[in-house]
Each structure stands twice: as C-alpha cells, then as structure tokens.
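For reference, the structure is listed below as structure tokens.
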Amino acid sequence: MNRFALLTLYRSLARHKLYAALNIGGLAVGIAVFLVLSLYVRFETSYEKWLPRHDEIYVVQTVWNLPGSPFNGAYPFTMGGLLDQMREDFPGTVGTRVRGGEGAGSVVRGGVATRDDVAQVDPSFFEVIDLPLTRGDARRALRDPASTIISESAARKYFGSSDPIGQNLTVAMDSANVYRVAGVFRDLPKNSDFKLSILIPLPRTPPSENWYHWGSSQLQTFLRFPTASAAHAFEQKLDPFVDRRGLKDMGKDASKTQQLALLPIADMHLEPQGKQSASQKMTVVTLGLVGVLTLLIAIVNYVNLATARAGLRAREVAMRKVLGADRRALIRQFLGEAVLTVALAAILGLMLAELSLPLVNAAGGLSLTIPYAIVALALIVLVVIVGVTAGSYPALLLSRFPAAAVLSSARAPGGGRAGTRTREALVVFQFGLAIAFIIGTCVLVVQTRHVRQADLGFQRDGLLVVRSFADSLLPAARRRAVADAIRALPGVTGVALGNSAAGGSGNDSSDNVPLPGVAGPGPSLRWIVVGPRFFQVYGSRLVAGRFFDEAHRADDGDVGGKGMPTAIVINRRAVPTLGFASPDDAIGKTVGGDRPRTIIGVVDDMRFFSPRQPHSATYYIYSRRPEALDAAVASIRFTGDPRAMLAAVRGVWQRMVPQVPFVGGTADQRLAEFYVADDRATRLFAIGAGLAVMIGCVGLWGLASFNTARRVKEIGIRKVLGASARDIVTLLVGQFLRPVLIANVIAWPLAFVAMRTWLAGFDDPIALSPLYFIAASIVATAIAVLTVLAQSLRASRAAPAWALRRD
C-alpha cells in the first residue's frame, strides 16, 4: 500500500469513528478472550512436557473391574513391589517408584516438625524422571540410604544463604531419620503434578506389610521406553503377568479383576481417576471451545459490519475507476486496508489480554503469562486470514461494479436482498452461540451452587477435621491422650475418630459382601471404621435400628471378629444394594458369608467425597480403641468461632506432640477443595460468555444503525402515508429481532447437548429445566431490543421532509 492508500484508510476510520470503534473494538475483545483462554488450555495441556524426553515416560495404572464397586476404573497407583516383580519377569525394565509427595512428610528442627513435600524414590529415579539439578550428583546420591536431594526452595528455607551440600537434615516419613544433603534440583514448574521438595531413598526393607500384596495401592510406578511401539508391546504382556503374579492374592484369571495399563506421563494430569468424570479435561475442552467460539463470533461480527459498510464506498470505487485505477489496484487496496485494520484490532486485543491477565489469574487461581514469540506468530496468521476474509467482499465485488451505473444510481449498492439475507444469517449464527453461552452460564452457576448447598447427610457447620492423627510419627498409644485433651477444650462438644472423614481424608476401601442364598461374591460396598460417638459428632440421621454404643460390647469389631458376627451400620443406599426392601427390613439381618456381619442400624447417606464421585453403598464397623484405627482422622464438633477453635486445637497438638506436624481445618474448608475446579470453570466461562454476548450486541447495534440509515427515505414515505412513530418502531424492532429469535433454533439443541454432557459428571446433577432455555432467550431478546431500540426511536422521530430530502 502506498501513502495515498494509507491516508484513505485513515480518513475512512476518522469519518466513521463510532463504527470503527465498534468494529475494531469488538474484534479486539474477541481476540483478547481467545488469547487468554488459549493460554489456559496451553497451560493445562503442558503438564510434565517440561521433562526431558517426556514422551518416553509412562505411569503404570491399576485398572479395577469389580462388579458394582465404587472404585472401578483406572488409577495411577500400584502396589509397592510391582517394579521388583516386573524386573524379575522382564529383565532390562527401566523404571522407578515415587512414594509420597505433597505434604507426605515433614522436617524436624529443634524438636518441632514442619510438613513438607517429601517423597521416597528409587536410586533409578533420575534415569526415568530427569529433574534438572543445580548442584550435586543425583544418581550417586540416591544410592546412599543416608543421603537426600532437595529443591532450591527447600535449600533456602532450611539453610538460608549457606551451602546446603553436606549438611544434615532430619526428615520424617514413616520414621524420622537424619539425611545428608547431596544435591539440589531446580524448583518444579507450576505445570506439574509432581509436588516434590525433598527426595529420600526408598527403604531397603519394605515400609508396608502389604508391599507385595496384589490389590493394594501404595505408590506410583513409572517406566521408560525408547519408543511408543516398545511401550505398546510391553503393555500386551501385562495381562499374563497379572494372572501369574496375582494368583495367590486374587485367584485364577486375576487380570479379569485387576489389570495394568500404561499411560503417557503427559496425559496424567487430565486423565480421570476411577469412576470420577473427566471434570478437568472437560473444563479445559469447554473453555477452549468458549475461546474459539468467542473469536468466531467476533470475526463474524467484524466481517458482517465490514461488508455492510463496504457498500457505502461504491461511489469512491467508481470515481477511482474513472480516474484510471484498474481492478488489480483496487483489490490490493481493499485487502491491504482490511489486513491493517485487523492488525490494529490484534494489537489492541493483545494489550487487553495483557491487562486482563492479572484479573483472570486472580479469578481462576492461575499464573498465566503471554509467550510473545508464539502469540505473535499466531496473531500474524489470524490477521492475514481475517483480513483477507473481510476484505474479499469490497475487493472482489465492489471493484467489479461498472462506474457509470454506480454514479448514476440514486443510492449506493448494498448487496441487495442476497446481501441482507447473508447479514441476517451471520446475526443468527452470532446470537445462536451467544444464547447458548447464556444457557450454559446459568446451568454452571446453578449446579455449582447446588453442590455447595446440597444436603450432605451431616452437619458441616461447627466441625473440624484433623488429619494429623494418621501420621506415622504419632505413636498409636498417644492418640487417646491427644483426643482426650482436645475433648476437654472449652467449646468442644464431641471428638470422634474414624478412618474417613468429611473431605475424603483417611482410607478409602471396599470389599464384596456375599448375600444369603445368592450365588457369587456379592455387591461391593465401601467400608469405614469408626470410633465411639462418630455418628453423634457428625449429626447423622438414624433411619432405622440404632447407632453403635458402649452398652453393647459386641458392637466392637475386635470382639465380633472372634467367631461372632461383626455388628455393622449401613447407609440408606446400601439397603437396596444388599437386597432389602426397606431400612426396617435390614435390621437384624446377617450378610457376609464366611465373614458374617449383622446389621444393627441404618443411617442417612453421608457424602464425604467429591460431588463428581458416585456416592456408594457403605457399611461402618465399630472400634472403641483409638490405637486400633488405621489412618485415623479426628472429627471435632464445637461451638463458637472456628478460627479460635482451630488455634486452640493446634495449641494442644503442638504442646503434646510437637514432633508431628499439625494438619487440620474446618469441614467446609476440606469440602471446598472439591469445588475449586468447577468454580474456576464457571467464572472463566461466565467471563467469556458475557464478552461474547457483548460482541454480538455490538454487531447488532452496528447493523441496526447501518440499515436504519439506509432506510431513512422509506421511513419518511411511510410517515407521509400515515404511519405513526409507534408503527415505525414496531416495524424496525421486529425486523431486527427476527434473526435473534431464529437463533434459538441453533442455541437450544447446542446448549442442551453440551450441558447434559457436563452435568453427567455429577452424582447429584440438577434437572435441565426448560426454564434455563426460556430465560436465556428472554434475556437475549431483551438485550437485542435495548440494543436496537435507540436507533429505531431516532429513526421514527425524524421529520418526513428531512428524510425525503436526505441523499
């Protein structure tokens, strides 16, 4: 483009400032939304890709196939000794194990423990997961059972500015031991599921009695293969391996119950575990689509306004042709103008994205940054594509008009009926997506509010959960004394121990319960061991029978296990699962085959786990001895201020067992962790949807203004013939609303399919009521009416004489 063409572009934009602002601004907002959400998708899909040769690393998954079990599905955990058995059966296997991670251990200094991200790993760890080291020899260090490797942050935290190499650090995991720091690795990036600050060698003696027990899940096993085909060939050998090695613990054809599968480490972050829905993956896909569709709406809006306004330049084209411009020169000019205009919008969009990132990071709990090299290349491609698309109409169509016909015409060509229908179709597309976004936002907001406010079967207010009771450093004999001290605090009305609690803390186990007269192993139920007054502390609702109590000595599972049926309490969902017609019908019945269990009570379902995890049939076993509880978690019922009570409990803990780090919080805090991902998705979706609707309104306003300006003489004639201002407004608003109303044909089915798929991930979804669709359509219609009403009112009030004189 030459200087004259640039001057023409500047004058065109300056002459129609409002249209230029709407057109360029709408596209800039669309580009900004697309950039921000693309950064989010890029971040979520980049987990572990920072590792050297990440494409060669696979995590071994345990895949359960138990009829009716709540734990069916794939989990990235295995038994502890799996790698040992693999190396015996498949010599040359390259692998490592990681036991622990986020908050799994502690560092003891001055007799006081501080929780940290400690993990036990094999000496072969760096052969598989090659973390970047800044100091030391990692491969040699991990062969020494008394050495440790720490992160840069841990080095600063525990040693300040001094050299950590060679210094001692007391690390506790299973037991407290003194380790010598032999290396320092770089802090792991945020796009990693590994939470590692301190690495210590796996003990040579198995740390668990179930280390080689098939069916247990104790750690993560990672393997490295040179090619994907080698990994696939190894995976084909795993079913016979499971059948051979699992025969003792799981019987014949063990692979029909438990399989092993390989998952690329880069896919681990978005891969759902067990029966839980792919909430994270669905969130990423959904927000990626929101970004793409918002950009598409902005592009359609830009092209629509650009082509509509192009007709006003027909006389300019004709004059240039009269003055000697050929068609090729006109095409170059119009395409160049369009590309430059889109480039301006892209620059503004990049600026908006940069300015909005702090707000988006705060709203979504993220840490996104713009990689300018990649973004610049993407924007150049976008500018060329959108610019050529938007400039094609004036470049190819207007440059073809005969100059004489255009100059002799009373009005500039505007594309005729075909052009009007094309623009209406684009408006239908825009508002179809916008209405679908409104419906989606309503459903997301209502569903996330529903899971927060749903009845969980227990009183979540006034409840603390202390997970430190399960710490291996806490002697089992001290549990009772600590629990009694907390129970004596003012405001504490009850303390109960169990191996599960609100928020999913503790163990999560299930087994099959054979039914009398029914062949087969029976249904699979989750089981939870509870201590005295567990149900009273939680405020559980008794449906039938009674709770465990001290008056019935046989309630204790330790007593009942000695040749007597074990007393159990079941939840309401277990009643039909065990084949009973009603809760009252279940009381006094014995199930369990060789391990008889007598039902003494039925309680309402208590949801301790994620709302996306299917709620399962559960039975409870009683143990009055705190030291007998494995993975014990304390639940504390209190009155008064939660912060003051938490501080008081922490004070008791640090006074009695300072060598064990305190980990506790309110039940609401624990449960809130389940809602973080969906809350973030809802906020980001609402932001994208709101901006998409705004862009659609900008386009509709621009088209309304354009069409109204072109119909001034028609309106004047109608008023001369007797039409009132109300008639004019009704006519114009009705014509502008037609594409908006037709847009529901696109929006409703699209939103229905999308929202039904998303809601399927919840165990307790809301009903997809028609009210959401009707309300969204009413909102969109109201927005559209308000958008075009001002233009219609102004046109209806114009004096007929002025309208008929206007060119």
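Starting from 1 in every chain, residues are counted up; chains themselves are A, B, ... following the order of the structure tokens, and ligands are numbered from 1 as listed.
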
- request: If you run DSSP over the backbone, which residues in stretch 38-140 of chain A end up strand (DSSP E or B)? Put them as a ChimeraX atom specification.
  value: /A:57-64,73-75,78,94-109,112-121,133-136

message: Can you pull out the residues contacting A:Ile778? Cut-off 10 Å, using only C-alpha atoms, and skip same-chain residues under 5 positions away; I want them as a list of chain:residue names.
response: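 Near neighbours after the sequence-gap exclusion: A:Ile435, A:Leu741, A:Tyr772, A:Phe773, A:Ile783, A:Ala784.
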
task: Compare A:Gly494, A:Val98, A:Trp748, A:Leu202 by their minimum atom-to-atom distance to A:Leu771, counting only C-alpha atoms, and give me the closest one.
output: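 Checking each candidate against A:Leu771, we get A:Trp748 as the closest.
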
task: Using only C-alpha atoms, determine which residues lie at most 7 Å from A:Gly665, disregarding the query and same-chain residues fewer than 3 positions distant; provide the list as a VMD selection string.
output: chain A and resid 464 to 466 646 669 to 670

Please produce an output containing N, CA and C atoms for each residue in the selection, written as a JSON list (two decimals), in the first residue's frame.
```
[["chain", "number", "residue", "atom", "x", "y", "z"],
["A", 464, "LEU", "N", -14.57, -29.57, 62.84],
["A", 464, "LEU", "CA", -13.17, -29.56, 62.45],
["A", 464, "LEU", "C", -12.73, -30.97, 62.07],
["A", 465, "VAL", "N", -11.80, -31.05, 61.12],
["A", 465, "VAL", "CA", -11.23, -32.32, 60.70],
["A", 465, "VAL", "C", -9.72, -32.22, 60.88],
["A", 466, "VAL", "N", -9.14, -33.09, 61.70],
["A", 466, "VAL", "CA", -7.70, -33.10, 61.96],
["A", 466, "VAL", "C", -7.13, -34.39, 61.40],
["A", 646, "LEU", "N", -9.80, -23.65, 66.03],
["A", 646, "LEU", "CA", -8.70, -24.27, 65.31],
["A", 646, "LEU", "C", -7.37, -23.92, 65.97],
["A", 669, "GLN", "N", -13.77, -26.06, 54.77],
["A", 669, "GLN", "CA", -12.52, -25.88, 54.04],
["A", 669, "GLN", "C", -12.13, -27.14, 53.29],
["A", 670, "ARG", "N", -12.29, -28.27, 53.92],
["A", 670, "ARG", "CA", -11.96, -29.54, 53.27],
["A", 670, "ARG", "C", -12.88, -29.79, 52.09]]
```

message: I'd like the neighbourhood of A:Pro240 as a PyMOL selection string, where a residue qualifies if any of its atoms comes within 10 Å (using only C-alpha atoms), though same-chain residues fewer than 4 positions away should be ignored.
response: chain A and resi 236+244-246+253-255+259

Keeping N, CA and C atoms, export the residues of the selection given above as a short mmCIF file (atom, residue, chain, number, x, y, z; two decimals), in the first residue's frame.
```cif
data_model
loop_
_atom_site.label_atom_id
_atom_site.label_comp_id
_atom_site.auth_asym_id
_atom_site.auth_seq_id
_atom_site.Cartn_x
_atom_site.Cartn_y
_atom_site.Cartn_z
N GLN A 236 1.15 -55.32 26.17
CA GLN A 236 0.46 -56.55 25.76
C GLN A 236 0.83 -57.74 26.65
N ARG A 244 -0.25 -64.42 36.43
CA ARG A 244 0.82 -65.25 37.01
C ARG A 244 1.18 -64.76 38.41
N ARG A 245 1.37 -63.47 38.56
CA ARG A 245 1.83 -62.93 39.82
C ARG A 245 0.70 -62.72 40.83
N GLY A 246 -0.50 -62.49 40.37
CA GLY A 246 -1.62 -62.20 41.26
C GLY A 246 -2.43 -63.41 41.65
N ASP A 253 -7.27 -66.17 36.91
CA ASP A 253 -7.70 -65.09 36.00
C ASP A 253 -7.77 -63.74 36.72
N ALA A 254 -6.70 -63.42 37.43
CA ALA A 254 -6.67 -62.17 38.20
C ALA A 254 -6.84 -60.95 37.31
N SER A 255 -6.41 -61.04 36.04
CA SER A 255 -6.48 -59.88 35.15
C SER A 255 -7.91 -59.51 34.80
N GLN A 259 -6.33 -55.11 36.14
CA GLN A 259 -5.42 -55.03 35.00
C GLN A 259 -4.39 -53.94 35.24
#
```

Please build the interface table for stretch 147-212 of chain A against stretch 40-51 of chain A with a cut-off of 8 Å, listing for each qualifying residue the nearest atom pair and the distance in Å to one decimal; count only C-alpha atoms, order rows by chain and increasing number, and write it as a Markdown table.
```
| residue | atom | partner | partner_atom | distance |
| --- | --- | --- | --- | --- |
| A:Asn191 | CA | A:Tyr47 | CA | 4.7 |
| A:Ser192 | CA | A:Tyr47 | CA | 5.0 |
| A:Asp193 | CA | A:Tyr47 | CA | 7.2 |
```

task: Grab the atom CA of A:Ile198 to atom CA of A:Gln120 distance for me, in Å with one decimal place.
output: 8.6 Å
